[in-house]
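Reading through the structure tokens given below for one structure.
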Amino acid sequence: MGRPAYGRQRRQSARDTVEAARLLYAAGPDAELASAALYLARAVDEPPPDWALNAPERMPRCEKGQRVIALCQRLFLATNNPMFASLAYRESRAIFVPTPEWVLDFLNDGLDVFFRRFAVSADGDAAKSFVKAFGIRASAWAGFREFQLKGKSWFVSAGHTAGVIMDRVKDDKAANETGAVEETAAALGMSSSEAWRARALGALQTCVSRS
């Protein structure tokens with residue numbers, strides 16, 4: 001199958017705008033320019049421009065997103081909560097990386113179950129078939145909220161701490177877990193106890209997912 005018929009004029013307009021963004025970026029590198037070019041290219045099903053995809057200014061956000069996706073995978077394996085697969089999908093789209101295979105497996109398996117359930121549904125209720133196929137229950141949202149601290153998801157906090165430690169190790173410095181947790185608390189506006197609790201939850205879920 002070919003690309004969607006967006007129309008030559010619209011596609012060419014998008015190309016022109018992406019090129020204008022590239023010239024502006026060359027004059028003054030900016031992560032927002034790179035991201036805007038990527039969103040526009042995706043909107044008309046054009047390949048992502050390399051200059052925007054590999055813009056150094058985007059890398060901190062991408063690295064953070066990859067840590068969130070990795071944590072979501074461990075949490076999904078540990079809890080089977082569809083909220084974590086959904087969050088990982090959104091995060092992969094936000095940082096312009098391929099959707100992880102484990103998320104695609106979740107979506108594909110859910111759709112297969114959905115169509116089978118709907119086909120034999122006595123009343124043809126698509127909504128009920130869909131929520132059952134993807135395991136969407138009130139407990140899914142409640143379980144997701146259990147992993148939050150004052151509006152900040154604990155796994156983002158745990159990911160931040162893990163990232164600080166990894167950066168230190170890369171620079172041949174001591175891991176200094178205490179310092180990393182305190183840095184997370186300061187960066188995210190959390191108390192030390194909240195940051196330590198998030199760190200502990202992250203370590204616990206990692207152990208559970210490996211068992």
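So you can find residues: chains in the structure tokens are A, B, ... in the order shown, residues in each start at 1, and ligands are numbered from 1 in order.
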
(request) Pick out the residues sitting within 7 Å of region 32-44 of chain A, and hand them over as a list in words; count only C-alpha atoms, and ignore anything fewer than 3 positions along from it in its own chain. (result)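 Selected residues are Tyr6, Arg11, Ala14, Val18, Ala21, Tyr25, Pro47, Pro48, Pro49, Ala52 and Ala55 of chain A.
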
(request) For Leu104 (chain A), please output as a PyMOL selection string all residues within 10 Å (counting only C-alpha atoms; exclusion window: fewer than 6 positions along the same chain). (result) chain A and resi 85+89+110

File dump, residues just selected, C-alpha atoms, as a PDB file, in the first residue's frame:
```pdb
ATOM      1  CA  ALA A  85       1.684  -0.115  28.168  1.00  0.00           C
ATOM      2  CA  TYR A  89       3.226   4.003  23.757  1.00  0.00           C
ATOM      3  CA  GLY A 110      -5.774  -7.090  22.630  1.00  0.00           C
TER       4      GLY A 110
END
```

(request) Report the distance between CA of Ala119 (chain A) and CA of Thr79 (chain A) in Å, rounded to one decimal place. (result)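 Computed distance, CA of Ala119 (chain A) to CA of Thr79 (chain A), equals 28.7 Å.
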
(request) Point out the residue among A:Val164, A:Ile69, A:Ser129, A:Ser157 with the least atom-to-atom distance to Gly189 (chain A), counting only C-alpha atoms. (result) A:Ser157

(request) One decimal, Å: what's the distance from CA of Phe114 (chain A) over to CA of Phe130 (chain A), could you say? (result) 5.3 Å

(request) Work out how far apart CA of Ile165 (chain A) and CA of Ala88 (chain A) are and give it in Å to one decimal. (result)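 The value is 22.3 Å.
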
(message) Need the shell around region 175-180 of chain A: protein/DNA/RNA residues with any atom at most 10 Å away, counting only C-alpha atoms. Skip same-chain ones fewer than 4 positions apart. Format as a ChimeraX atom specification?
(response) /A:160-171,184-186,192,195-196,199
